[in-house]
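*Asks:* First the structure, which I've put down as structure tokens, then a few questions once you've had a look.
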Amino acid sequence: MRRNDQTKLKNWAGNFQYNAARIHHPKTLDEIRELVRRGEKIRALGSRHSFNRVADCAQDIISLQHFDRVIALDRERLTVTVEGGIRYGELSQYLHKEGFALHNLASLPHISVAGACATATHGSGDKNGNLATAISAMELVTADGEVITVSREKDGDTFNGMVVGLGGFGVVTKLTLDIQPTFDVQQDIDENLPLRELENDFDEIMSSGYSVSLFTDWKTETVNQVWVKRRLLDGKKLEAESNFFGASPATRRMHPIGELSSENCTEQMGIPGAWQDRLPHFRMDHTPSSGEELQTEYFVAREDAFAALLTLNEIREYIAPLLMISEVRTIAADDLWMSMCYKQDSVALHFTWKMDEPAVMQLLPMIEAQLAPFDPRPHWGKLFMVSPMQLEMRYERMQDFRQLLSQYDPQGKFRNAFLDLNIFGVS
Ligand SMILES: Cc1cc2nc3c(=O)[nH]c(=O)nc-3n(C[C@H](O)[C@H](O)[C@H](O)COP(=O)(O)OP(=O)(O)OC[C@H]3O[C@@H](n4cnc5c(N)ncnc54)[C@H](O)[C@@H]3O)c2cc1C
């Protein structure tokens with residue numbers, strides 16, 4: 001592709017164009033190896049769903065678009081091995097057909113497995129680790145063009161440092177994921193939960209399903225919608241609660257943004273269905289979410305959830321005008337060095353913003369200052385202003401991560417401006 005064509009490539013939200021001089025779409029492993037060997041500055045690209053420039057690079061971007069196959073299903077060891085560019089939607093359909101499931105999914109199934117895991121993408125659920133916790137092995141093309149395999153079994157803690165790798169270790173060409181027998185889920189929605197109910201009942205509310213999400217537009221002191229996804233035994237439908245902590249059952253299908261059509265959302269109203277058709281909020285066969293939007297997300301320790309929500313409530317008059325919707329989810333602690341949930345059961349405070357980046361970037365320091373007492377860790381794939389110094393303090397394995405990156409990529413071939421700033425503290 002010529003430069004003129006390249007500059008037109010934008011991320012999913014369309015809030016920026018990639019700076020890359022060349023974007024490659026290789027079809028074979030050897031092509032990737034050759035591109036990496038020849039290149040000076042390289043980044044791998046997934047499905048382009050990140051809202052910041054974590055995947056960007058001034059020189060060569062390698063899209064994994066054509067690496068979208070399932071390679072092997074191991075029914076005994078309960079693993080599936082896939083190519084780096086496959087999206088969760090396709091993988092989920094394949095797995096369900098074969099009688100298997102992943103432990104969780106993000107709000108939409110359109111994202112690539114490698115890209116999602118590189119930024120510690122997550123769904124919800126007290127006992128569910130982020131999506132990267134399912135990865136047990138990875139094949140990478142490293143800076144010298146060599147192909148290596150790293151695994152949980154063989155590489156132990158070093159592997160924990162590489163899974164949420166922010167694209168810094170090389171091009172991930174294959175991943176092996178833990179799977180389990182397929183299961184059914186039903187999704188019920190309750191409306192108008194008073195914020196105060198969370199003070200004493202946060203744990204009970206968030207544990208009322210396998211995966212629970214709270215949605216608020218911060219216009220009032222109310223959680224507009226509570227989405228409860230319950231895992232079913234033998235596919236048998238469960239009764240909905242008639243009074244859910246002061247909230248009432250929805251009488252129609254809903255979009256998280258109340259005024260939007262629910263057409264692109266997964267089935268609700270307690271109708272049982274397969275895990276991959278209920279765990280994401282949005283359907284694979286429809287355009288996800290509302291399209292024109294920006295996102296930000298901060299993770300705090302689970303025990304600080306209510307205090308953090310109260311502090312956001314203090315500034316909701318600034319948040320609400322720019323906001324489409326906020327979502328609150330819980331995620332189990334993990335051991336992945338750069339995960340936002342490293343060693344900490346977490347609550348994620350998410351904001352879907354209207355497409356007004358200057359105004360959003362102006363507001364983020366206020367939100368970050370409010371949340372500062374809780375040492376919020378920002379989502380690596382979304383917009384944030386947290387300084388490199390604060391990131392250093394909030395990620396206890398940051399120094400180990402830098403050393404590991406330098407060991408695998410001494411010349412910094414896979415380093416971009418995002419990593420330079422946020423990981424190496426160089427602007
Ligand atoms: C509508 C929408 C909804 C979202 N919902 C959620 C959600 O529910 N939960 C959540 O946590 N996040 C969510 N996100 C954020 C999203 O999951 C992350 O930004 C994720 O990284 C996107 O994956 P991607 O494949 O698009 O990666 P890209 O944006 O293409 O890349 C992200 C990073 O991964 C690296 N990378 C990609 N492929 C490879 C590879 N093969 N080898 C090495 N590195 C690679 C890139 O270099 C880059 O560093 C959402 C985003 C959107 C747009």
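By order of appearance in the structure tokens: chains A, B, ..., then residues from 1 within every chain, and ligands from 1 in the order shown.
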Counting only C-alpha atoms, what is within 7 Å of range 169-172 of chain A, bar same-chain residues fewer than 2 positions away, as an NGL selection string?

*Replies:* :A and (44 or 84 or 114 or 138-143 or 165 or 167 or 174 or 405 or 408-409 or 414)

*Asks:* What are the nearest atom pairs, with distances in Å to one decimal, for all residues of range 83-114 of chain A that come at most 10 Å from range 48-61 of chain A, using only C-alpha atoms, set out by chain and rising residue number as a Markdown table?

*Replies:*
```
| residue | atom | partner | partner_atom | distance |
| --- | --- | --- | --- | --- |
| A:His110 | CA | A:His49 | CA | 8.7 |
| A:Ile111 | CA | A:His49 | CA | 6.7 |
| A:Ser112 | CA | A:Arg48 | CA | 8.7 |
```

*Asks:* Create the file for the chosen residues now, containing N, CA and C atoms and written as a PDB file, in the first residue's frame.

*Replies:*
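For reference, out25.pdb as written:
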```
ATOM      1  N   HIS A 110     -16.223  -8.557  18.710  1.00  0.00           N
ATOM      2  CA  HIS A 110     -15.559  -8.236  17.444  1.00  0.00           C
ATOM      3  C   HIS A 110     -14.056  -8.016  17.578  1.00  0.00           C
ATOM      4  N   ILE A 111     -13.531  -8.056  18.803  1.00  0.00           N
ATOM      5  CA  ILE A 111     -12.110  -7.752  19.014  1.00  0.00           C
ATOM      6  C   ILE A 111     -11.240  -8.999  18.823  1.00  0.00           C
ATOM      7  N   SER A 112      -9.978  -8.777  18.431  1.00  0.00           N
ATOM      8  CA  SER A 112      -9.083  -9.921  18.215  1.00  0.00           C
ATOM      9  C   SER A 112      -8.584 -10.452  19.562  1.00  0.00           C
TER      10      SER A 112
END
```

*Asks:* To test your reading of the structure, identify every residue in range 52-131 of chain A that backbone DSSP assigns to helix (DSSP H, G or I), and report it as a list of chain:residue names.

*Replies:* A:Arg53, A:Val54, A:Ala55, A:Tyr88, A:Gly89, A:Glu90, A:Leu91, A:Ser92, A:Gln93, A:Tyr94, A:Leu95, A:His96, A:Lys97, A:Val113, A:Ala114, A:Gly115, A:Ala116, A:Cys117, A:Ala118, A:Leu131

*Asks:* Have a look at A:Ala118, A:Leu363, A:Ala274, A:Leu312 and name the one nearest to Gly168 in chain A; count only C-alpha atoms.

*Replies:*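 Of A:Ala118, A:Leu363, A:Ala274, A:Leu312, the one nearest Gly168 in chain A is A:Ala118, counting only C-alpha atoms.
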
*Asks:* Going by DSSP on the backbone, which residues of range 185-274 of chain A come out as strand (DSSP E)? List them as a PyMOL selection string.

*Replies:* chain A and resi 185-194+211-216+222-232+248-249+273-274

*Asks:* I'd like to know which of A:Asn104, A:Met340, A:Gly412, A:Phe384 is closest to Asn128 in chain A, using only C-alpha atoms.

*Replies:* A:Asn104

*Asks:* Rank nothing, just name the residue among A:Lys382, A:Lys343, A:Arg230, A:Arg302 nearest to Tyr395 in chain A, using only C-alpha atoms.

*Replies:* A:Lys343

*Asks:* Show me, as a PyMOL selection string, the residues that have an atom within 10 Å of range 203-207 of chain A when counting only C-alpha atoms, minus same-chain residues fewer than 2 positions from it.

*Replies:* chain A and resi 124-127+197-201+209-214+226-228+230+244-245+302-303+305+328-330

*Asks:* Sorted by chain and rising residue number, list the residues of range 328-410 of chain A at most 9 Å from range 160-164 of chain A (counting only C-alpha atoms), each with its closest atom pair and distance in Å to one decimal, as CSV.

*Replies:*
```
residue,atom,partner,partner_atom,distance
A:Asp335,CA,A:Asn160,CA,6.3
A:Leu336,CA,A:Asn160,CA,4.5
A:Trp337,CA,A:Gly161,CA,5.0
A:Met338,CA,A:Val164,CA,5.8
A:Ser339,CA,A:Val164,CA,6.3
A:Arg397,CA,A:Gly161,CA,8.3
A:Asp400,CA,A:Gly161,CA,8.0
A:Phe401,CA,A:Gly161,CA,6.2
A:Leu404,CA,A:Gly161,CA,7.6
A:Leu405,CA,A:Met162,CA,8.5
```
